[in-house]
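To be precise, the following lines are work38.cif, and they hold mmCIF, C-alpha atoms and all ligand atoms.
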data_run
loop_
_atom_site.label_atom_id
_atom_site.label_comp_id
_atom_site.auth_asym_id
_atom_site.auth_seq_id
_atom_site.Cartn_x
_atom_site.Cartn_y
_atom_site.Cartn_z
CA MET E 61 -118.30 202.81 -73.17
CA PRO E 62 -121.12 204.78 -71.51
CA VAL E 63 -121.38 208.37 -72.69
CA LEU E 64 -120.89 209.77 -69.16
CA ILE E 65 -117.51 207.99 -68.73
CA LEU E 66 -116.39 209.16 -72.17
CA PHE E 67 -117.39 212.72 -71.30
CA CYS E 68 -115.48 212.58 -67.96
CA LEU E 69 -112.38 211.13 -69.63
CA LYS E 70 -112.43 213.83 -72.30
CA LYS E 71 -112.73 216.54 -69.63
CA PHE E 72 -109.89 214.93 -67.60
CA TYR E 73 -107.53 214.92 -70.61
CA ARG E 74 -108.46 218.48 -71.59
CA THR E 75 -107.70 219.72 -68.06
CA ALA E 76 -104.47 217.70 -67.77
CA ILE E 77 -103.08 218.82 -71.12
CA LYS E 78 -103.90 222.45 -70.33
CA LYS E 79 -102.16 222.15 -66.96
CA TYR E 80 -99.11 220.39 -68.46
CA PRO E 81 -98.97 221.59 -72.06
CA LEU E 82 -96.57 219.88 -74.44
CA ASP E 83 -93.75 221.95 -75.98
CA ILE E 84 -94.36 220.55 -79.45
CA ILE E 85 -97.10 218.51 -81.08
CA GLN E 86 -96.49 216.94 -84.48
CA ILE E 87 -99.52 216.36 -86.70
CA THR E 88 -99.26 214.55 -90.01
CA LEU E 89 -101.42 215.15 -93.07
CA ASP E 90 -101.20 212.76 -96.02
CA GLY E 91 -101.46 215.59 -98.54
CA GLN E 92 -104.16 218.05 -99.52
CA LYS E 93 -107.75 217.32 -98.52
CA GLU E 94 -108.77 214.87 -101.27
CA ARG E 95 -105.60 212.81 -101.10
CA HIS E 96 -105.51 212.82 -97.30
CA ASN E 97 -109.13 211.68 -97.03
CA HIS E 98 -108.53 208.99 -99.63
CA LEU E 99 -105.57 207.62 -97.64
CA ARG E 100 -106.75 208.26 -94.08
CA SER E 101 -110.42 207.75 -93.38
CA LEU E 102 -111.79 206.31 -90.12
CA LYS E 103 -111.41 202.52 -89.99
CA LYS E 104 -115.03 201.55 -89.28
CA SER E 105 -117.14 204.33 -90.69
CA LEU E 106 -114.73 205.32 -93.51
CA LYS E 107 -115.54 208.94 -92.66
CA PRO E 108 -112.94 211.50 -93.86
CA THR E 109 -110.56 213.02 -91.31
CA PHE E 110 -109.01 216.13 -92.92
CA ASP E 111 -111.58 218.64 -91.64
CA ILE E 112 -111.58 217.11 -88.14
CA ILE E 113 -107.78 217.41 -87.94
CA VAL E 114 -107.85 221.04 -89.12
CA SER E 115 -110.56 221.80 -86.57
CA ASN E 116 -108.41 220.19 -83.85
CA ILE E 117 -105.41 222.26 -84.96
CA LYS E 118 -107.52 225.39 -84.48
CA ASN E 119 -108.51 224.15 -81.00
CA ILE E 120 -104.86 223.60 -80.04
CA VAL E 121 -103.88 227.07 -81.27
CA ARG E 122 -106.71 228.60 -79.22
CA GLU E 123 -106.29 226.54 -76.02
CA LEU E 124 -102.54 225.82 -75.83
CA THR E 125 -100.89 229.11 -76.60
CA THR E 126 -97.35 227.99 -75.69
CA THR E 127 -97.40 224.77 -77.71
CA LYS E 128 -95.69 224.71 -81.11
CA ILE E 129 -97.41 222.66 -83.80
CA HIS E 130 -95.34 220.98 -86.48
CA ILE E 131 -97.55 219.98 -89.39
CA ARG E 132 -95.91 217.37 -91.55
CA VAL E 133 -97.31 217.03 -95.07
CA ASN E 134 -96.39 213.65 -96.50
CA ILE E 135 -95.13 213.87 -100.05
CA ASP E 136 -93.56 211.70 -102.72
CA LYS E 137 -92.83 212.53 -106.37
CA THR E 138 -96.54 212.35 -107.25
CA ASN E 139 -97.81 215.04 -104.87
CA LEU E 140 -95.06 217.60 -104.20
CA ASP E 141 -97.57 220.40 -104.86
CA ASP E 142 -99.61 219.22 -101.88
CA PHE E 143 -96.98 220.68 -99.57
CA PHE E 144 -97.41 224.17 -101.05
CA ILE E 145 -101.22 223.85 -101.16
CA VAL E 146 -101.53 222.69 -97.53
CA LYS E 147 -99.00 225.29 -96.32
CA LYS E 148 -101.01 228.10 -97.95
CA PHE E 149 -104.27 226.61 -96.66
CA ILE E 150 -103.03 226.41 -93.05
CA GLU E 151 -101.55 229.92 -93.22
CA THR E 152 -104.90 231.28 -94.45
CA GLU E 153 -107.26 229.14 -92.34
CA VAL E 154 -105.34 229.00 -89.06
CA GLY E 155 -102.57 231.58 -89.40
CA SER E 156 -100.59 231.14 -86.19
CA SER E 157 -96.93 231.89 -85.54
CA ASN E 158 -96.87 228.68 -83.45
CA ILE E 159 -97.26 226.55 -86.59
CA ILE E 160 -94.56 225.22 -88.87
CA VAL E 161 -95.65 223.34 -92.01
CA TYR E 162 -92.97 221.17 -93.57
CA PRO E 163 -92.76 218.36 -96.15
CA GLY E 164 -92.50 214.81 -94.80
CA ILE E 165 -90.46 213.01 -97.43
CA ILE E 166 -92.01 209.55 -97.68
CA ARG E 167 -89.57 206.67 -98.06
CA LEU E 168 -90.88 203.57 -99.80
CA GLU E 169 -88.84 200.36 -99.80
CA ASN E 170 -88.84 197.33 -102.07
CA ASP E 171 -90.34 194.08 -100.69
CA SER E 172 -87.04 192.88 -99.23
CA LYS E 173 -86.43 196.33 -97.67
CA THR E 174 -83.02 196.70 -99.24
CA ASN E 175 -83.51 199.86 -101.34
CA LEU E 176 -85.86 202.78 -101.94
CA VAL E 177 -88.34 202.58 -104.80
CA GLU E 178 -90.39 205.05 -106.84
CA PRO E 179 -92.26 207.27 -106.32
CA SER E 180 -90.27 208.16 -103.20
CA PHE E 181 -87.46 210.70 -103.56
CA SER E 182 -83.96 209.25 -103.52
CA ARG E 183 -81.46 210.69 -101.04
CA TRP E 184 -79.90 213.07 -103.58
CA GLU E 185 -83.28 214.06 -104.98
CA THR E 186 -84.32 214.88 -101.41
CA ALA E 187 -81.18 216.99 -100.99
CA GLU E 188 -81.98 218.92 -104.18
CA LEU E 189 -85.60 219.39 -103.12
CA LEU E 190 -84.57 220.74 -99.70
CA PHE E 191 -81.97 223.03 -101.28
CA ASN E 192 -84.69 224.52 -103.52
CA LEU E 193 -87.19 224.88 -100.66
CA PHE E 194 -84.63 226.54 -98.36
CA SER E 195 -83.11 228.81 -100.99
CA ASN E 196 -86.54 229.92 -102.28
CA GLY E 197 -87.69 230.67 -98.72
CA ASP E 198 -90.52 228.07 -98.93
CA LEU E 199 -89.14 226.40 -95.84
CA ASN E 200 -87.44 227.98 -92.84
CA GLY E 201 -84.00 226.55 -92.42
CA SER E 202 -80.51 226.95 -93.67
CA ILE E 203 -78.67 225.44 -96.58
CA TYR E 204 -75.52 226.21 -94.62
CA PRO E 205 -74.49 223.44 -92.26
CA THR E 206 -75.24 223.98 -88.59
CA LEU E 207 -73.68 222.06 -85.76
CA HIS E 208 -76.10 220.04 -83.62
CA LYS E 209 -75.13 218.77 -80.19
CA ALA E 210 -77.12 215.55 -80.60
CA LYS E 211 -76.23 213.31 -83.49
CA THR E 212 -79.24 212.06 -85.46
CA CYS E 213 -82.32 210.78 -83.68
CA CYS E 214 -84.02 208.83 -80.90
CA ALA E 215 -82.71 205.48 -82.20
CA MET E 216 -79.13 206.58 -81.58
CA CYS E 217 -79.55 208.41 -78.28
CA VAL E 218 -79.22 206.01 -75.35
CA ASN E 219 -81.91 207.70 -73.25
CA SER E 220 -84.54 208.46 -75.91
CA PHE E 221 -87.46 206.12 -76.44
CA ILE E 222 -90.81 205.83 -78.18
CA ILE E 223 -93.60 204.47 -76.00
CA GLY E 224 -96.34 202.47 -77.72
CA PRO E 225 -100.00 202.31 -76.61
CA TYR E 226 -99.44 199.16 -74.50
CA GLY E 227 -96.39 200.53 -72.71
CA GLU E 228 -94.03 198.81 -75.12
CA ILE E 229 -90.80 200.64 -75.95
CA TYR E 230 -89.17 201.16 -79.36
CA LYS E 231 -86.08 203.01 -80.50
CA CYS E 232 -87.21 204.02 -84.00
CA TRP E 233 -90.48 205.42 -85.38
CA ASN E 234 -90.27 202.93 -88.26
CA ASP E 235 -90.56 200.06 -85.77
CA VAL E 236 -93.75 201.08 -83.97
CA SER E 237 -96.23 198.14 -83.97
CA ASP E 238 -93.51 195.65 -85.08
CA GLU E 239 -93.32 193.24 -82.12
CA THR E 240 -89.88 191.98 -83.15
CA LYS E 241 -88.48 195.50 -82.59
CA ILE E 242 -89.79 196.05 -79.06
CA VAL E 243 -86.80 196.79 -76.81
CA GLY E 244 -88.65 196.75 -73.47
CA TYR E 245 -91.71 197.72 -71.49
CA ILE E 246 -92.27 200.70 -69.22
CA ASN E 247 -92.89 198.45 -66.19
CA ASP E 248 -89.85 196.21 -66.70
CA PRO E 249 -86.25 197.43 -66.23
CA LYS E 250 -84.75 194.76 -68.54
CA ILE E 251 -83.79 195.38 -72.16
CA LYS E 252 -85.92 192.91 -74.08
CA ASN E 253 -84.14 192.92 -77.43
CA PRO E 254 -80.50 193.90 -76.78
CA GLN E 255 -79.49 193.03 -80.35
CA ILE E 256 -81.59 195.73 -82.02
CA PHE E 257 -81.02 198.14 -79.11
CA TYR E 258 -77.22 198.02 -79.45
CA ARG E 259 -77.25 197.77 -83.22
CA TYR E 260 -79.05 201.13 -83.43
CA HIS E 261 -76.95 203.20 -81.12
CA THR E 262 -73.58 201.50 -81.36
CA ALA E 263 -73.16 199.45 -84.56
CA CYS E 264 -74.85 202.16 -86.65
CA ALA E 265 -73.17 205.12 -84.93
CA TRP E 266 -71.13 207.55 -87.02
CA TYR E 267 -67.98 206.68 -85.06
CA ASN E 268 -68.26 203.08 -86.27
CA ASP E 269 -68.83 204.13 -89.89
CA LYS E 270 -65.57 204.46 -91.79
CA GLU E 271 -67.11 206.66 -94.49
CA CYS E 272 -68.36 209.11 -91.83
CA ARG E 273 -65.14 209.03 -89.84
CA ASP E 274 -63.14 209.94 -92.96
CA CYS E 275 -65.65 212.52 -94.16
CA PHE E 276 -64.84 216.23 -94.37
CA PHE E 277 -68.40 217.14 -93.31
CA LEU E 278 -68.32 215.46 -89.91
CA PRO E 279 -69.15 216.76 -87.27
CA ILE E 280 -71.28 219.38 -89.04
CA CYS E 281 -73.25 216.66 -90.80
CA ASN E 282 -75.65 214.92 -88.49
CA GLY E 283 -74.71 211.37 -89.49
CA LYS E 284 -76.89 208.63 -90.95
CA CYS E 285 -80.29 207.10 -90.20
CA ALA E 286 -79.82 204.07 -87.95
CA TRP E 287 -82.83 202.14 -89.24
CA TYR E 288 -81.54 202.14 -92.83
CA GLY E 289 -78.00 201.68 -91.55
CA GLU E 290 -79.09 198.49 -89.80
CA ARG E 291 -80.65 197.26 -93.04
CA ASN E 292 -77.36 197.98 -94.89
CA LEU E 293 -75.12 196.42 -92.24
CA PHE E 294 -77.09 193.28 -91.38
CA HIS E 295 -79.60 192.63 -94.17
CA GLY E 296 -77.79 193.36 -97.46
CA GLY E 297 -79.37 196.81 -97.89
CA LYS E 298 -78.06 199.22 -100.52
CA TYR E 299 -79.46 202.50 -99.24
CA ASN E 300 -77.59 205.76 -99.79
CA LEU E 301 -77.57 207.25 -96.31
CA CYS E 302 -75.59 210.48 -96.61
CA GLN E 303 -77.47 213.35 -94.97
CA CYS E 304 -75.36 216.27 -96.06
CA MET E 305 -76.83 218.56 -98.73
CA GLN E 306 -73.37 219.74 -99.70
CA LYS E 307 -72.31 216.20 -100.59
CA ALA E 308 -75.05 215.65 -103.20
CA PRO E 309 -73.79 215.72 -106.80
CA ASP E 310 -73.49 219.32 -108.08
CA LEU E 311 -75.13 220.80 -104.98
CA LEU E 312 -71.93 221.96 -103.31
CA ASN E 313 -71.40 224.58 -106.06
CA ASN E 314 -75.04 225.69 -105.78
CA CYS E 315 -74.70 226.00 -102.00
CA LEU E 316 -71.50 228.04 -102.34
CA GLU E 317 -73.13 230.26 -104.95
CA ALA E 318 -76.19 230.80 -102.72
CA TYR E 319 -73.86 231.61 -99.82
CA TYR E 320 -71.88 234.07 -101.97
CA ASN E 321 -75.12 235.78 -103.07
CA LYS E 322 -76.27 236.00 -99.47
CA ILE E 323 -73.10 237.57 -98.07
CA THR E 324 -72.63 239.96 -100.97
CA LYS E 325 -76.23 241.19 -100.63
CA SER E 326 -76.09 241.76 -96.87
S1 LIG Y 401 -71.87 213.52 -95.32
FE1 LIG Y 401 -72.36 211.34 -95.36
S2 LIG Y 401 -70.40 210.31 -94.99
FE2 LIG Y 401 -70.17 212.44 -94.36
S3 LIG Y 401 -70.57 212.45 -92.16
FE3 LIG Y 401 -72.47 212.92 -93.25
S4 LIG Y 401 -73.53 211.00 -93.49
FE4 LIG Y 401 -71.39 210.55 -92.98
S1 LIG Y 402 -83.40 205.63 -87.13
FE1 LIG Y 402 -83.97 206.72 -88.98
S2 LIG Y 402 -86.13 206.26 -89.31
FE2 LIG Y 402 -85.63 205.72 -87.18
S3 LIG Y 402 -86.19 207.55 -86.00
FE3 LIG Y 402 -84.00 207.69 -86.54
S4 LIG Y 402 -83.92 208.91 -88.46
FE4 LIG Y 402 -86.06 208.16 -88.14
#
Please, can you express the file's structure as structure tokens?
Amino acid sequence: MPVLILFCLKKFYRTAIKKYPLDIIQITLDGQKERHNHLRSLKKSLKPTFDIIVSNIKNIVRELTTTKIHIRVNIDKTNLDDFFIVKKFIETEVGSSNIIVYPGIIRLENDSKTNLVEPSFSRWETAELLFNLFSNGDLNGSIYPTLHKAKTCCAMCVNSFIIGPYGEIYKCWNDVSDETKIVGYINDPKIKNPQIFYRYHTACAWYNDKECRDCFFLPICNGKCAWYGERNLFHGGKYNLCQCMQKAPDLLNNCLEAYYNKITKS
């Protein structure tokens, strides 16, 4: 593409995004600099991307003062420290109250996509990790259940969609670029794949899940992930899908103790 057209396009997008700033931008890093660059270099030139992304974060902070930036640091059991290292780095290098750095817990499945495998954290290990991060103040959030109006995510909300680069529509982030999971196109009113569409927001809904319906923690708990639910219901999956920290083995007592300490200190 000629340089002049590229320059004009860049200017057009800069002006448009400044005029209509996004509320939130999520940016993912695959760990601290060395690990990120090892996993995410440019496809053709193999050039590293960590420094470019950090520079772009600084640009966003400077130019889009009302936009929140959520920086997700991907972690599994082999690089938990990367979350703390990147968080400190961003706080020192960028230091904006518009930024939240949080751990993105990577889920890795076996070949048949029926269960999680190492080195990803299991559901209960994730619950314990989050409990520690929240109770140590490493992550803003509450170990005490909070009621959300919306249950779970885009896949389960009838009017939420993910738009792909060709105008194709998905219901779940996990499905992006999988042609068999496209549910429609932005220029076509028809649902293209009603089976997956209805499986996500009806078959996998909490009100069709006996375990959830009978559970003490509903409606405070936000329900289960529909993508993994679909694997369990229709493909022989064996994923543990409970989302509630208080339901993890031994964590209820820890949560109650933390709560007791909090109210007796205040
Ligand atoms: S704790 Fe588990 S079973 Fe209970 S409502 Fe939440 S996801 Fe469903
Ligand atoms: S269905 Fe699960 S994986 Fe997909 S967007 Fe919702 S929470 Fe994420």
In terms of the shortest atom-to-atom distance over all atoms listed in the file, which of E:Asn313, E:Arg100, E:Ser237, E:Thr212 is closest to Trp266 in chain E?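 Once distances to Trp266 in chain E are computed over all atoms listed in the file, the minimum belongs to E:Thr212.
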Would you tabulate, counting all atoms listed in the file, all residues of chain E that have an atom at most 12 Å from an atom of ligand LIG 401 (chain Y), showing the closest pair of atoms and their distance in Å to one decimal, sorted by chain then ascending number, as a tab-separated table?
residue	atom	partner	partner_atom	distance
E:Arg183	CA	Y:LIG401	FE1	10.7
E:Trp184	CA	Y:LIG401	FE1	11.3
E:Ala187	CA	Y:LIG401	S1	11.4
E:Pro205	CA	Y:LIG401	S1	10.7
E:Leu207	CA	Y:LIG401	FE3	11.9
E:Lys211	CA	Y:LIG401	S3	10.4
E:Thr212	CA	Y:LIG401	S4	9.9
E:Cys264	CA	Y:LIG401	FE4	11.1
E:Ala265	CA	Y:LIG401	FE4	9.9
E:Trp266	CA	Y:LIG401	FE4	6.7
E:Tyr267	CA	Y:LIG401	FE4	9.5
E:Asn268	CA	Y:LIG401	FE4	10.5
E:Asp269	CA	Y:LIG401	FE4	7.6
E:Lys270	CA	Y:LIG401	S2	8.2
E:Glu271	CA	Y:LIG401	S2	4.9
E:Cys272	CA	Y:LIG401	FE4	3.5
E:Arg273	CA	Y:LIG401	S3	6.8
E:Asp274	CA	Y:LIG401	S2	7.5
E:Cys275	CA	Y:LIG401	FE2	4.5
E:Phe276	CA	Y:LIG401	FE2	6.5
E:Phe277	CA	Y:LIG401	FE2	5.1
E:Leu278	CA	Y:LIG401	S3	4.4
E:Pro279	CA	Y:LIG401	S3	6.7
E:Ile280	CA	Y:LIG401	S3	7.6
E:Cys281	CA	Y:LIG401	FE3	4.5
E:Asn282	CA	Y:LIG401	FE3	6.1
E:Gly283	CA	Y:LIG401	S4	4.2
E:Lys284	CA	Y:LIG401	S4	4.8
E:Cys285	CA	Y:LIG401	S4	8.5
E:Ala286	CA	Y:LIG401	S4	10.9
E:Tyr288	CA	Y:LIG401	S4	12.0
E:Gly289	CA	Y:LIG401	S4	10.5
E:Tyr299	CA	Y:LIG401	S4	11.9
E:Asn300	CA	Y:LIG401	FE1	8.8
E:Leu301	CA	Y:LIG401	S4	6.2
E:Cys302	CA	Y:LIG401	FE1	3.6
E:Gln303	CA	Y:LIG401	S4	4.8
E:Cys304	CA	Y:LIG401	S1	4.5
E:Met305	CA	Y:LIG401	S1	7.9
E:Gln306	CA	Y:LIG401	S1	7.8
E:Lys307	CA	Y:LIG401	S1	5.9
E:Ala308	CA	Y:LIG401	S1	8.8
E:Pro309	CA	Y:LIG401	S1	11.8
E:Leu312	CA	Y:LIG401	S1	11.6
Problem - Selection as a ChimeraX atom specification: residues within 6 Å of ligand LIG 402 (chain Y) by only C-alpha atoms and all ligand atoms - result: /E:213-215,232-234,285-287
Using C-alpha atoms, can you write the selected residues to a file as a PDB file, keeping the file's coordinate frame?
ATOM      1  CA  CYS E 213     -82.320 210.780 -83.680  1.00  0.00           C
ATOM      2  CA  CYS E 214     -84.020 208.830 -80.900  1.00  0.00           C
ATOM      3  CA  ALA E 215     -82.710 205.480 -82.200  1.00  0.00           C
ATOM      4  CA  CYS E 232     -87.210 204.020 -84.000  1.00  0.00           C
ATOM      5  CA  TRP E 233     -90.480 205.420 -85.380  1.00  0.00           C
ATOM      6  CA  ASN E 234     -90.270 202.930 -88.260  1.00  0.00           C
ATOM      7  CA  CYS E 285     -80.290 207.100 -90.200  1.00  0.00           C
ATOM      8  CA  ALA E 286     -79.820 204.070 -87.950  1.00  0.00           C
ATOM      9  CA  TRP E 287     -82.830 202.140 -89.240  1.00  0.00           C
TER      10      TRP E 287
END
Note to self: Measuring between all atoms listed in the file, which one of E:Ile251, E:Ile223, E:Ile150, E:Ile117 shows the shortest distance to Gln92 in chain E?
What the structure shows: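 Smallest separation from Gln92 in chain E among the options: E:Ile150.
Residues in contact with Asn139 in chain E at up to 9 Å, not including ones fewer than 3 positions away on its chain and judged by all atoms listed in the file, are Gly91, Gln92, Arg95, Asn134, Ile135, Asp136, Asp142 and Phe143 of chain E.
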